[in-house]
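Below is entry.csv, holding CSV, C-alpha atoms and all ligand atoms.
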chain,number,residue,atom,x,y,z
T,1160,MET,CA,-13.6,-31.5,32.6
T,1161,ASP,CA,-11.3,-32.1,35.6
T,1162,LEU,CA,-7.6,-32.0,34.9
T,1163,LEU,CA,-4.4,-31.5,36.8
T,1164,LEU,CA,-1.8,-29.7,34.8
T,1165,ARG,CA,1.6,-30.3,36.4
T,1166,ASP,CA,4.8,-28.2,36.2
T,1167,VAL,CA,3.9,-25.2,34.2
T,1168,ARG,CA,4.9,-21.5,34.6
T,1169,PRO,CA,1.7,-19.4,34.6
T,1170,VAL,CA,2.4,-16.3,32.4
T,1171,GLY,CA,6.1,-17.1,32.6
T,1172,GLY,CA,6.4,-17.0,36.4
T,1173,VAL,CA,7.5,-19.7,38.9
T,1174,ARG,CA,6.7,-23.3,38.3
T,1175,ALA,CA,3.4,-24.5,39.6
T,1176,ASP,CA,0.5,-26.9,39.0
T,1177,ILE,CA,-2.9,-25.9,37.8
T,1178,LEU,CA,-5.9,-27.8,39.0
T,1179,ILE,CA,-9.0,-27.6,36.8
T,1180,ARG,CA,-12.4,-28.6,38.2
T,1181,ALA,CA,-15.6,-28.6,36.1
T,1182,GLY,CA,-13.8,-26.6,33.3
T,1183,ARG,CA,-12.6,-23.8,35.7
T,1184,ILE,CA,-9.3,-23.1,37.3
T,1185,ALA,CA,-9.7,-24.3,40.9
T,1186,ALA,CA,-6.2,-23.8,42.3
T,1187,ILE,CA,-2.7,-22.8,41.2
T,1188,GLY,CA,0.2,-23.9,43.4
T,1189,ALA,CA,3.1,-26.2,44.1
T,1190,ASP,CA,2.6,-29.9,44.3
T,1191,LEU,CA,-1.2,-29.9,44.2
T,1192,ASP,CA,-2.9,-33.1,45.1
T,1193,ALA,CA,-6.0,-34.3,43.3
T,1194,PRO,CA,-6.6,-38.0,43.6
T,1195,GLY,CA,-8.4,-39.6,40.6
T,1196,VAL,CA,-8.1,-36.5,38.4
T,1197,PRO,CA,-6.3,-37.0,35.0
T,1198,VAL,CA,-2.9,-35.5,34.8
T,1199,GLU,CA,-1.0,-33.7,32.0
T,1200,GLN,CA,2.6,-32.8,32.3
T,1201,GLY,CA,3.7,-29.3,31.3
T,1202,HIS,CA,7.5,-30.0,31.5
T,1203,GLY,CA,8.1,-26.4,32.7
T,1204,ALA,CA,6.3,-24.7,29.7
T,1205,ILE,CA,4.8,-21.2,30.0
T,1206,ALA,CA,1.0,-21.3,30.5
T,1207,VAL,CA,-0.9,-18.4,29.0
T,1208,PRO,CA,-4.7,-17.8,28.7
T,1209,GLY,CA,-6.0,-19.0,25.3
T,1210,LEU,CA,-5.0,-16.9,22.3
T,1211,VAL,CA,-7.8,-14.8,20.9
T,1212,GLU,CA,-8.2,-14.3,17.1
T,1213,ALA,CA,-10.4,-11.2,17.2
T,1214,HIS,CA,-10.4,-10.3,13.5
T,1215,THR,CA,-10.5,-13.0,10.8
T,1216,HIS,CA,-12.6,-14.4,7.9
T,1217,LEU,CA,-13.2,-18.1,8.3
T,1218,ASP,CA,-15.4,-18.2,5.2
T,1219,LYS,CA,-12.6,-17.0,2.8
T,1220,THR,CA,-9.7,-19.3,3.1
T,1221,VAL,CA,-8.6,-21.7,0.3
T,1222,MET,CA,-6.5,-23.7,2.7
T,1223,GLY,CA,-6.1,-27.3,1.5
T,1224,MET,CA,-7.5,-26.4,-2.0
T,1225,GLY,CA,-4.1,-26.0,-3.7
T,1226,TRP,CA,-2.3,-22.8,-4.6
T,1227,TYR,CA,-4.6,-19.9,-5.6
T,1228,GLU,CA,-2.9,-18.0,-8.3
T,1229,ASN,CA,-3.7,-14.3,-7.6
T,1230,ALA,CA,-3.8,-12.1,-10.7
T,1231,VAL,CA,-5.9,-9.3,-9.1
T,1232,GLY,CA,-3.5,-6.9,-7.6
T,1233,THR,CA,-4.4,-4.4,-4.9
T,1234,ASP,CA,-7.5,-2.5,-6.1
T,1235,LEU,CA,-10.0,-2.9,-3.3
T,1236,ARG,CA,-13.1,-3.1,-5.5
T,1237,ALA,CA,-11.4,-5.5,-7.9
T,1238,MET,CA,-10.4,-7.8,-5.0
T,1239,ILE,CA,-14.0,-7.8,-3.7
T,1240,ASP,CA,-15.5,-8.6,-7.1
T,1241,ASN,CA,-12.9,-11.2,-7.8
T,1242,GLU,CA,-13.6,-13.0,-4.6
T,1243,ARG,CA,-17.3,-13.1,-5.1
T,1244,ALA,CA,-16.8,-14.7,-8.5
T,1245,ALA,CA,-14.0,-17.0,-7.3
T,1246,ARG,CA,-16.1,-18.6,-4.6
T,1247,THR,CA,-18.3,-20.1,-7.3
T,1248,ALA,CA,-15.5,-20.9,-9.7
T,1249,LEU,CA,-13.4,-22.6,-7.1
T,1250,GLY,CA,-16.3,-24.4,-5.4
T,1251,LEU,CA,-15.4,-23.0,-2.1
T,1252,ASP,CA,-17.4,-24.8,0.6
T,1253,PRO,CA,-17.7,-22.4,3.5
T,1254,HIS,CA,-18.3,-25.1,6.1
T,1255,ARG,CA,-15.3,-27.2,5.0
T,1256,GLN,CA,-13.0,-24.2,4.7
T,1257,SER,CA,-14.0,-22.6,8.0
T,1258,MET,CA,-13.4,-25.9,9.7
T,1259,ARG,CA,-9.9,-26.1,8.3
T,1260,HIS,CA,-9.2,-22.5,9.3
T,1261,ALA,CA,-10.7,-22.8,12.8
T,1262,LEU,CA,-8.9,-26.1,13.5
T,1263,ALA,CA,-5.6,-24.6,12.4
T,1264,LEU,CA,-6.2,-21.7,14.9
T,1265,ILE,CA,-7.1,-24.3,17.7
T,1266,GLY,CA,-3.8,-26.1,16.9
T,1267,ALA,CA,-2.0,-22.8,17.4
T,1268,GLY,CA,-3.5,-22.3,20.9
T,1269,THR,CA,-6.6,-20.3,20.1
T,1270,THR,CA,-9.7,-20.5,22.3
T,1271,HIS,CA,-11.8,-17.6,20.9
T,1272,ILE,CA,-12.5,-16.4,17.4
T,1273,ARG,CA,-14.3,-13.4,16.1
T,1274,THR,CA,-15.0,-13.9,12.4
T,1275,HIS,CA,-16.6,-11.7,9.8
T,1276,VAL,CA,-18.7,-13.6,7.4
T,1277,ASP,CA,-19.6,-12.3,3.9
T,1278,ILE,CA,-23.2,-11.5,3.3
T,1279,ASP,CA,-24.0,-10.5,-0.3
T,1280,THR,CA,-26.8,-10.7,-2.8
T,1281,ASP,CA,-24.9,-13.3,-5.0
T,1282,HIS,CA,-24.4,-15.8,-2.2
T,1283,GLY,CA,-27.1,-14.8,0.3
T,1284,LEU,CA,-26.6,-16.5,3.6
T,1285,ALA,CA,-24.6,-19.5,2.3
T,1286,MET,CA,-21.4,-18.4,4.0
T,1287,LEU,CA,-23.2,-17.8,7.3
T,1288,HIS,CA,-24.7,-21.2,7.2
T,1289,GLY,CA,-21.4,-22.9,6.6
T,1290,VAL,CA,-19.7,-21.0,9.5
T,1291,LEU,CA,-22.7,-21.6,11.8
T,1292,GLU,CA,-22.3,-25.3,11.1
T,1293,THR,CA,-18.6,-25.0,12.0
T,1294,ARG,CA,-19.4,-23.1,15.2
T,1295,ASP,CA,-21.8,-26.0,16.2
T,1296,ARG,CA,-19.3,-28.7,15.3
T,1297,LEU,CA,-16.5,-27.0,17.3
T,1298,ALA,CA,-18.5,-26.0,20.3
T,1299,GLY,CA,-16.5,-26.8,23.4
T,1300,GLN,CA,-13.2,-26.5,21.4
T,1301,VAL,CA,-13.4,-22.9,20.5
T,1302,ASP,CA,-15.9,-20.1,20.9
T,1303,ILE,CA,-16.8,-18.4,17.6
T,1304,GLU,CA,-18.4,-15.0,17.4
T,1305,ILE,CA,-19.8,-14.1,14.0
T,1306,VAL,CA,-20.1,-10.6,12.4
T,1307,ALA,CA,-22.5,-10.3,9.5
T,1308,PHE,CA,-20.3,-8.5,7.0
T,1309,PRO,CA,-21.4,-6.7,3.9
T,1310,GLN,CA,-18.1,-7.2,2.1
T,1311,SER,CA,-19.4,-6.2,-1.3
T,1312,GLY,CA,-21.1,-3.0,-0.1
T,1313,LEU,CA,-24.4,-2.2,1.4
T,1314,MET,CA,-26.0,0.8,-0.3
T,1315,VAL,CA,-24.5,-0.1,-3.7
T,1316,ARG,CA,-26.1,-3.5,-3.6
T,1317,PRO,CA,-29.8,-3.2,-2.7
T,1318,GLY,CA,-31.1,-6.2,-0.7
T,1319,THR,CA,-28.0,-6.5,1.3
T,1320,ALA,CA,-29.4,-4.8,4.4
T,1321,ASP,CA,-32.3,-7.3,4.5
T,1322,LEU,CA,-29.8,-10.1,4.3
T,1323,LEU,CA,-27.8,-8.7,7.2
T,1324,ASP,CA,-31.0,-8.6,9.2
T,1325,ALA,CA,-31.8,-12.2,8.3
T,1326,ALA,CA,-28.2,-13.1,9.3
T,1327,LEU,CA,-28.7,-11.6,12.7
T,1328,ALA,CA,-32.0,-13.5,13.1
T,1329,GLU,CA,-30.2,-16.8,12.2
T,1330,GLY,CA,-27.4,-16.4,14.7
T,1331,ALA,CA,-24.9,-13.8,13.7
T,1332,ASP,CA,-23.8,-11.9,16.8
T,1333,LEU,CA,-22.8,-8.5,15.4
T,1334,VAL,CA,-23.4,-6.2,12.5
T,1335,GLY,CA,-20.4,-5.5,10.2
T,1336,GLY,CA,-19.7,-2.6,8.0
T,1337,LEU,CA,-17.1,-1.5,5.5
T,1338,ASP,CA,-15.6,1.8,4.4
T,1339,PRO,CA,-18.8,3.9,4.3
T,1340,CYS,CA,-17.2,6.5,2.0
T,1341,GLY,CA,-14.7,4.4,0.0
T,1342,ILE,CA,-17.0,1.5,-1.0
T,1343,ASP,CA,-20.6,2.7,-0.7
T,1344,ARG,CA,-19.8,6.4,-1.3
T,1345,ASP,CA,-22.7,7.1,1.0
T,1346,PRO,CA,-21.4,7.3,4.6
T,1347,LYS,CA,-24.7,8.5,6.0
T,1348,GLY,CA,-26.7,5.8,4.3
T,1349,HIS,CA,-24.2,3.1,5.2
T,1350,LEU,CA,-23.8,4.0,8.9
T,1351,ASP,CA,-27.4,4.8,9.5
T,1352,THR,CA,-28.4,1.4,8.1
T,1353,ILE,CA,-26.0,-0.7,10.2
T,1354,PHE,CA,-26.5,1.3,13.4
T,1355,ALA,CA,-30.3,1.0,13.0
T,1356,LEU,CA,-30.0,-2.8,12.5
T,1357,ALA,CA,-27.8,-3.1,15.5
T,1358,ASP,CA,-30.0,-0.9,17.6
T,1359,ARG,CA,-33.2,-2.8,16.6
T,1360,ARG,CA,-31.7,-6.2,17.3
T,1361,GLY,CA,-29.7,-5.2,20.4
T,1362,LYS,CA,-26.4,-6.2,18.8
T,1363,GLY,CA,-22.9,-4.8,18.7
T,1364,ILE,CA,-21.1,-3.4,15.6
T,1365,ASP,CA,-17.6,-4.2,14.2
T,1366,ILE,CA,-16.9,-2.1,11.2
T,1367,HIS,CA,-13.9,-2.5,8.8
T,1368,LEU,CA,-12.5,1.0,8.3
T,1369,HIS,CA,-9.5,1.0,5.8
T,1370,GLU,CA,-10.0,4.6,4.9
T,1371,ALA,CA,-6.8,6.5,5.8
T,1372,GLY,CA,-6.1,10.0,6.8
T,1373,ASP,CA,-8.8,12.7,6.7
T,1374,LEU,CA,-11.4,10.4,5.0
T,1375,GLY,CA,-11.0,7.8,7.7
T,1376,ALA,CA,-11.1,10.5,10.4
T,1377,PHE,CA,-14.4,11.7,8.9
T,1378,SER,CA,-15.9,8.3,8.9
T,1379,LEU,CA,-14.7,7.6,12.4
T,1380,ASP,CA,-16.4,10.8,13.6
T,1381,LEU,CA,-19.7,9.7,12.0
T,1382,ILE,CA,-19.3,6.4,13.9
T,1383,LEU,CA,-18.6,8.2,17.1
T,1384,GLU,CA,-21.6,10.5,16.6
T,1385,ARG,CA,-24.0,7.5,16.1
T,1386,THR,CA,-22.5,5.5,19.0
T,1387,ARG,CA,-23.2,8.5,21.2
T,1388,SER,CA,-26.7,9.4,20.0
T,1389,LEU,CA,-27.9,5.7,20.2
T,1390,GLY,CA,-26.4,5.1,23.6
T,1391,MET,CA,-24.2,2.3,22.2
T,1392,ARG,CA,-21.2,3.1,24.3
T,1393,GLY,CA,-19.0,-0.1,24.7
T,1394,LYS,CA,-20.8,-1.9,21.9
T,1395,VAL,CA,-18.9,-0.7,18.9
T,1396,ALA,CA,-15.5,-1.8,17.5
T,1397,VAL,CA,-13.6,-0.5,14.5
T,1398,SER,CA,-11.3,-2.9,12.7
T,1399,HIS,CA,-8.0,-1.6,11.1
T,1400,ALA,CA,-8.7,2.1,11.7
T,1401,PHE,CA,-5.7,3.1,9.6
T,1402,CYS,CA,-6.7,6.8,10.1
T,1403,LEU,CA,-5.4,6.5,13.7
T,1404,GLY,CA,-2.0,5.9,12.2
T,1405,MET,CA,-1.7,9.3,10.5
T,1406,PRO,CA,1.3,11.3,11.7
T,1407,ASP,CA,-0.7,14.2,13.1
T,1408,TRP,CA,-0.3,13.7,16.9
T,1409,PRO,CA,-2.9,16.3,18.2
T,1410,ARG,CA,-5.5,15.2,15.6
T,1411,THR,CA,-5.1,11.5,16.4
T,1412,GLN,CA,-5.1,12.3,20.2
T,1413,ALA,CA,-8.5,13.9,19.8
T,1414,MET,CA,-9.8,10.8,18.1
T,1415,ILE,CA,-8.3,8.5,20.8
T,1416,ASP,CA,-9.9,10.6,23.5
T,1417,ALA,CA,-13.3,10.3,21.8
T,1418,LEU,CA,-12.8,6.5,21.4
T,1419,VAL,CA,-12.1,6.2,25.1
T,1420,GLU,CA,-15.1,8.4,26.0
T,1421,GLN,CA,-17.4,6.1,24.0
T,1422,ASP,CA,-15.4,2.9,24.8
T,1423,ILE,CA,-15.0,2.1,21.2
T,1424,ALA,CA,-12.7,-0.9,20.7
T,1425,ILE,CA,-10.0,-1.0,18.0
T,1426,LEU,CA,-8.9,-4.2,16.3
T,1427,THR,CA,-5.6,-4.3,14.5
T,1428,THR,CA,-3.7,-6.7,12.2
T,1429,GLY,CA,-0.5,-4.7,12.4
T,1430,ALA,CA,-0.7,-4.5,8.6
T,1431,PRO,CA,2.8,-4.1,7.3
T,1432,SER,CA,1.7,-2.2,4.2
T,1433,ARG,CA,-0.4,0.5,6.0
T,1434,GLU,CA,-0.2,3.1,8.6
T,1435,VAL,CA,-1.7,1.5,11.7
T,1436,PRO,CA,-3.0,2.5,15.1
T,1437,GLN,CA,-0.2,2.6,17.6
T,1438,VAL,CA,-0.9,-0.2,20.1
T,1439,LYS,CA,1.1,1.2,23.0
T,1440,ARG,CA,-0.4,4.7,22.7
T,1441,LEU,CA,-4.0,3.4,22.4
T,1442,VAL,CA,-3.7,0.9,25.3
T,1443,ALA,CA,-2.1,3.5,27.5
T,1444,ALA,CA,-5.0,5.9,26.8
T,1445,GLY,CA,-7.4,3.2,27.8
T,1446,VAL,CA,-8.7,1.9,24.5
T,1447,ARG,CA,-9.7,-1.8,24.4
T,1448,MET,CA,-7.5,-3.2,21.7
T,1449,GLY,CA,-7.4,-6.7,20.2
T,1450,ALA,CA,-5.8,-8.2,17.1
T,1451,GLY,CA,-6.4,-10.6,14.4
T,1452,CYS,CA,-4.7,-12.3,11.4
T,1453,ASP,CA,-7.4,-11.2,9.0
T,1454,GLY,CA,-8.0,-13.5,6.0
T,1455,VAL,CA,-5.6,-16.4,5.8
T,1456,ARG,CA,-4.5,-17.9,2.5
T,1457,ASP,CA,-7.4,-16.5,0.5
T,1458,THR,CA,-8.1,-14.8,-2.8
T,1459,TRP,CA,-6.9,-11.5,-1.3
T,1460,ASN,CA,-3.3,-12.5,-0.5
T,1461,PRO,CA,-1.2,-15.5,0.4
T,1462,TRP,CA,0.5,-14.1,3.5
T,1463,ASN,CA,-1.3,-14.4,6.7
T,1464,ARG,CA,-1.0,-17.5,9.0
T,1465,PRO,CA,-3.7,-18.8,11.3
T,1466,ASP,CA,-1.5,-18.2,14.4
T,1467,MET,CA,-2.0,-15.4,17.0
T,1468,LEU,CA,1.6,-15.8,18.3
T,1469,ASP,CA,2.8,-15.1,14.8
T,1470,ARG,CA,0.4,-12.1,14.8
T,1471,ALA,CA,1.8,-10.8,18.1
T,1472,ARG,CA,5.2,-10.8,16.4
T,1473,ILE,CA,3.9,-8.9,13.4
T,1474,VAL,CA,2.1,-6.4,15.7
T,1475,ALA,CA,5.3,-5.9,17.6
T,1476,LEU,CA,7.4,-5.4,14.5
T,1477,ARG,CA,4.9,-3.0,13.0
T,1478,ASN,CA,4.7,-1.0,16.2
T,1479,ASN,CA,8.5,-0.9,16.8
T,1480,LEU,CA,8.1,-2.8,20.1
T,1481,ARG,CA,11.4,-4.1,21.2
T,1482,ALA,CA,11.7,-4.2,25.0
T,1483,ASP,CA,10.5,-7.4,26.6
T,1484,ALA,CA,7.6,-5.6,28.4
T,1485,ASP,CA,6.5,-4.1,25.0
T,1486,VAL,CA,6.6,-7.5,23.3
T,1487,GLU,CA,4.5,-8.9,26.2
T,1488,LEU,CA,2.1,-6.1,25.4
T,1489,ALA,CA,1.8,-7.3,21.8
T,1490,LEU,CA,1.0,-10.8,23.1
T,1491,SER,CA,-1.5,-9.4,25.6
T,1492,VAL,CA,-3.3,-7.6,22.7
T,1493,CYS,CA,-3.5,-11.0,21.0
T,1494,SER,CA,-5.0,-12.6,24.0
T,1495,ALA,CA,-6.6,-10.6,26.9
T,1496,GLY,CA,-7.1,-7.6,24.6
T,1497,GLY,CA,-9.1,-9.5,22.1
T,1498,ALA,CA,-11.1,-11.2,25.0
T,1499,ALA,CA,-11.9,-7.7,26.4
T,1500,VAL,CA,-13.1,-6.6,22.9
T,1501,MET,CA,-15.3,-9.7,22.6
T,1502,GLY,CA,-16.6,-9.4,26.2
T,1503,VAL,CA,-15.4,-12.8,27.2
T,1504,ALA,CA,-16.4,-13.5,30.8
T,1505,GLY,CA,-14.0,-15.4,33.1
T,1506,TYR,CA,-11.0,-15.0,30.9
T,1507,GLY,CA,-7.6,-15.3,32.5
T,1508,LEU,CA,-5.3,-17.5,34.5
T,1509,ASP,CA,-6.6,-17.0,38.0
T,1510,PRO,CA,-8.7,-19.3,40.2
T,1511,GLY,CA,-12.3,-19.1,39.1
T,1512,CYS,CA,-11.5,-18.3,35.5
T,1513,THR,CA,-12.5,-20.6,32.7
T,1514,ALA,CA,-9.7,-23.1,32.1
T,1515,ASP,CA,-8.9,-21.8,28.5
T,1516,LEU,CA,-5.1,-21.9,28.1
T,1517,THR,CA,-2.2,-22.9,26.0
T,1518,LEU,CA,1.4,-23.9,26.7
T,1519,LEU,CA,4.3,-22.1,25.1
T,1520,VAL,CA,7.8,-23.6,25.1
T,1521,GLY,CA,10.2,-20.9,26.0
T,1522,ARG,CA,12.0,-19.2,28.9
T,1523,THR,CA,10.1,-15.9,28.8
T,1524,LEU,CA,7.0,-14.6,27.1
T,1525,ALA,CA,9.0,-12.3,24.8
T,1526,GLU,CA,11.2,-15.2,23.7
T,1527,ALA,CA,8.0,-17.2,23.0
T,1528,VAL,CA,6.7,-14.4,20.7
T,1529,ALA,CA,10.1,-13.9,19.0
T,1530,ASP,CA,10.5,-17.7,18.4
T,1531,GLY,CA,6.9,-18.4,17.5
T,1532,ALA,CA,7.2,-20.9,20.3
T,1533,PRO,CA,5.9,-24.5,20.0
T,1534,ARG,CA,2.6,-25.1,21.7
T,1535,PRO,CA,2.6,-28.6,23.1
T,1536,LEU,CA,-0.9,-28.4,24.7
T,1537,THR,CA,-4.1,-26.3,24.4
T,1538,ILE,CA,-7.0,-26.6,26.8
T,1539,LYS,CA,-10.5,-25.3,26.4
T,1540,ALA,CA,-12.7,-25.3,29.5
T,1541,GLY,CA,-10.6,-28.1,31.0
T,1542,ARG,CA,-10.6,-30.3,27.8
T,1543,VAL,CA,-7.5,-30.9,25.7
T,1544,THR,CA,-8.2,-29.6,22.2
T,1545,ALA,CA,-4.7,-29.6,20.7
T,1546,ARG,CA,-1.3,-31.3,21.1
T,1547,HIS,CA,2.0,-30.3,19.5
T,1548,GLY,CA,0.5,-27.6,17.5
T,1549,ALA,CA,-2.3,-29.7,16.0
T,1550,ALA,CA,-6.0,-29.8,16.9
T,1551,LEU,CA,-7.2,-33.2,18.1
T,1552,THR,CA,-10.2,-33.0,15.8
T,1553,GLU,CA,-9.2,-33.9,12.2
T,1554,ALA,CA,-9.9,-31.2,9.6
T,1555,PRO,CA,-12.2,-32.2,6.7
T,1601,ZN,ZN,-11.0,-8.2,7.7

Just dump the structure as structure tokens.
Ligand SMILES: [Zn+2]
Amino acid sequence: MDLLLRDVRPVGGVRADILIRAGRIAAIGADLDAPGVPVEQGHGAIAVPGLVEAHTHLDKTVMGMGWYENAVGTDLRAMIDNERAARTALGLDPHRQSMRHALALIGAGTTHIRTHVDIDTDHGLAMLHGVLETRDRLAGQVDIEIVAFPQSGLMVRPGTADLLDAALAEGADLVGGLDPCGIDRDPKGHLDTIFALADRRGKGIDIHLHEAGDLGAFSLDLILERTRSLGMRGKVAVSHAFCLGMPDWPRTQAMIDALVEQDIAILTTGAPSREVPQVKRLVAAGVRMGAGCDGVRDTWNPWNRPDMLDRARIVALRNNLRADADVELALSVCSAGGAAVMGVAGYGLDPGCTADLTLLVGRTLAEAVADGAPRPLTIKAGRVTARHGAALTEAP
């Protein structure tokens, strides 16, 4: 895993070479000399640390399976039930599909993924097993963190909590959750269950919270309460958190202050159809913030693309980020921000950091985001994983 990367511009700065030794950045400077080390030419492209997809669902995509004709609409419960049935009807193979999705992300410059994986009483741990196999197959190309996710509900489907526990025993890294009021209609039961599971197994939590306005604020308060009382500061993340987008400044400020106090991370997709947490405001307050594309080409919708540079553009658009520095912030949420949420050690483009990086063709970082810049080369721990936007490993 030694490599000399010639003629790149680290985070858009001056041209330099990057020398990688044993998978780590050993030196950055002009005209580095490293006899015998393989060389890649950067041709003046921008080098950035690997992109981080911090909220997705590798087990859901129908990529490569033809067009999925969606006749479900937007009712959340209907979409959940439809998906559970469609997995069987379509013959969706979670390993094959998660390989396709993960390899597309690698092609687009991704080096780290946090994926939620459905755990339910119809399919048991089948999706987890498929994604675990993908994680093993792609080890060394991308790091995959798995959230055991009760997509169909927890209290409303007895047996799910035991399956979540089994998923943690078999290799899931975090406990997921979902709209404790809206889906389970039992916020205390839902949150007590997932926090107890996480506490017992020493795992973190990443909970989907779509509930908007007062209802979401109520659920968020219950999450904060449990984080505080169990001493889980820094181990909890909330995905979506649309309630933080409500137009009540003092109310949301109190929530943001509480998030900072308990170091609860927020993951956003910049959902165009919802009120979303304001990236600039939360980051300025000190909230760890990452982003993700969410489900890509699945039974929920046909819109998202497996590309965190595209996501940076969507986050920027949704947050009214226009100045170059603000567009760079959107990119940083899609890279360093997600890495901070996932607790990735040695992330960055400094000597000593793991050599996880991707090249962007463009004059500046903001231009690269605006253009969805080509990515000629992606490197994971010193190994080339993708060229010209395509992973070197062929998708099944
Ligand atoms: Zn999601």

Please compute the CA of Ala1355 (chain T)-CA of Gly1341 (chain T) distance, one decimal, in Å.
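About the pair CA of Ala1355 (chain T) and CA of Gly1341 (chain T): they are 20.6 Å apart.
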
At a cut-off of 12 Å, using all atoms listed in the file, what residues contact Gly1505 (chain T)? Leave out same-chain residues fewer than 6 positions from it and give the result as a ChimeraX atom specification.
/T:1182-1184,1208-1209,1495,1498-1499,1511-1515,1540

Spatial neighbours of Arg1440 (chain T), 12 Å, all atoms listed in the file, chain gap at least 6 places, as an NGL selection string
:T and (1403-1404 or 1408 or 1411-1412 or 1415-1416 or 1446-1448 or 1478 or 1480 or 1485 or 1488)

Residues at most 9 Å from ligand ZN 1601 (chain T), using all atoms listed in the file? Could they come as a PDB file with C-alpha atoms, keeping the file's coordinate frame?
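part.pdb, freshly written:
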ATOM      1  CA  HIS T1214     -10.400 -10.300  13.500  1.00  0.00           C
ATOM      2  CA  THR T1215     -10.500 -13.000  10.800  1.00  0.00           C
ATOM      3  CA  HIS T1216     -12.600 -14.400   7.900  1.00  0.00           C
ATOM      4  CA  THR T1274     -15.000 -13.900  12.400  1.00  0.00           C
ATOM      5  CA  HIS T1275     -16.600 -11.700   9.800  1.00  0.00           C
ATOM      6  CA  HIS T1367     -13.900  -2.500   8.800  1.00  0.00           C
ATOM      7  CA  SER T1398     -11.300  -2.900  12.700  1.00  0.00           C
ATOM      8  CA  HIS T1399      -8.000  -1.600  11.100  1.00  0.00           C
ATOM      9  CA  THR T1428      -3.700  -6.700  12.200  1.00  0.00           C
ATOM     10  CA  GLY T1451      -6.400 -10.600  14.400  1.00  0.00           C
ATOM     11  CA  CYS T1452      -4.700 -12.300  11.400  1.00  0.00           C
ATOM     12  CA  ASP T1453      -7.400 -11.200   9.000  1.00  0.00           C
ATOM     13  CA  GLY T1454      -8.000 -13.500   6.000  1.00  0.00           C
TER      14      GLY T1454
END

Which residue gives the smallest distance to Ala1181 (chain T) among T:Glu1434, T:Val1301, T:Ala1450, T:Val1196, with all atoms listed in the file counted?
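Of T:Glu1434, T:Val1301, T:Ala1450, T:Val1196, the one nearest Ala1181 (chain T), counting all atoms listed in the file, is T:Val1196.
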
So that I can see what lies close to region 1311-1323 of chain T, please list as a PyMOL selection string the residues with an atom at most 7 Å from it, counting only C-alpha atoms and leaving out residues fewer than 6 positions away in the same chain.
chain T and resi 1239+1278-1280+1283+1342-1343+1348-1349

Export of prior selection with C-alpha atoms as a PDB file, in the coordinates of the input:
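Saved the output as part_29.pdb:
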ATOM      1  CA  ILE T1239     -14.000  -7.800  -3.700  1.00  0.00           C
ATOM      2  CA  ILE T1278     -23.200 -11.500   3.300  1.00  0.00           C
ATOM      3  CA  ASP T1279     -24.000 -10.500  -0.300  1.00  0.00           C
ATOM      4  CA  THR T1280     -26.800 -10.700  -2.800  1.00  0.00           C
ATOM      5  CA  GLY T1283     -27.100 -14.800   0.300  1.00  0.00           C
ATOM      6  CA  ILE T1342     -17.000   1.500  -1.000  1.00  0.00           C
ATOM      7  CA  ASP T1343     -20.600   2.700  -0.700  1.00  0.00           C
ATOM      8  CA  GLY T1348     -26.700   5.800   4.300  1.00  0.00           C
ATOM      9  CA  HIS T1349     -24.200   3.100   5.200  1.00  0.00           C
TER      10      HIS T1349
END

Using Å and a single decimal, report how far CA of Pro1406 (chain T) sits from CA of Leu1418 (chain T).
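Between these atoms lies a distance of 17.8 Å.
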
Test item: residues at most 8 Å from Ile1423 (chain T), only C-alpha atoms, excluding those fewer than 3 positions along its chain, as a ChimeraX atom specification
/T:1392-1397,1418-1420,1446-1447

Would you be able to write out as a PyMOL selection string which residues have an atom within 8 Å of (-17.8, -24.5, 10.2) in the file's coordinates, counting all atoms listed in the file?
chain T and resi 1253-1258+1261+1289-1297

So that I can see what lies close to Ala1482 (chain T), please list as JSON, numbers by chain the residues with an atom at most 12 Å from it, counting all atoms listed in the file and leaving out residues fewer than 6 positions away in the same chain.
{"T": [1475, 1476, 1488, 1489, 1524, 1525, 1526, 1529]}

To one decimal place in Å, what is the distance between CA of Leu1518 (chain T) and CA of Leu1536 (chain T)?
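CA of Leu1518 (chain T) sits 5.4 Å away from CA of Leu1536 (chain T).
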
Rank nothing, just name the residue among T:Gly1336, T:Gly1429, T:Leu1508, T:Asp1190 nearest to Asp1469 (chain T), using all atoms listed in the file.
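Of all the options, T:Gly1429 lies closest to Asp1469 (chain T).
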
Hey, which of T:Ile1538, T:Leu1426, T:Leu1516, T:Val1438 ends up closest to Val1486 (chain T)? Count all atoms listed in the file.
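With all atoms listed in the file as the atom set, the closest residue is T:Val1438.
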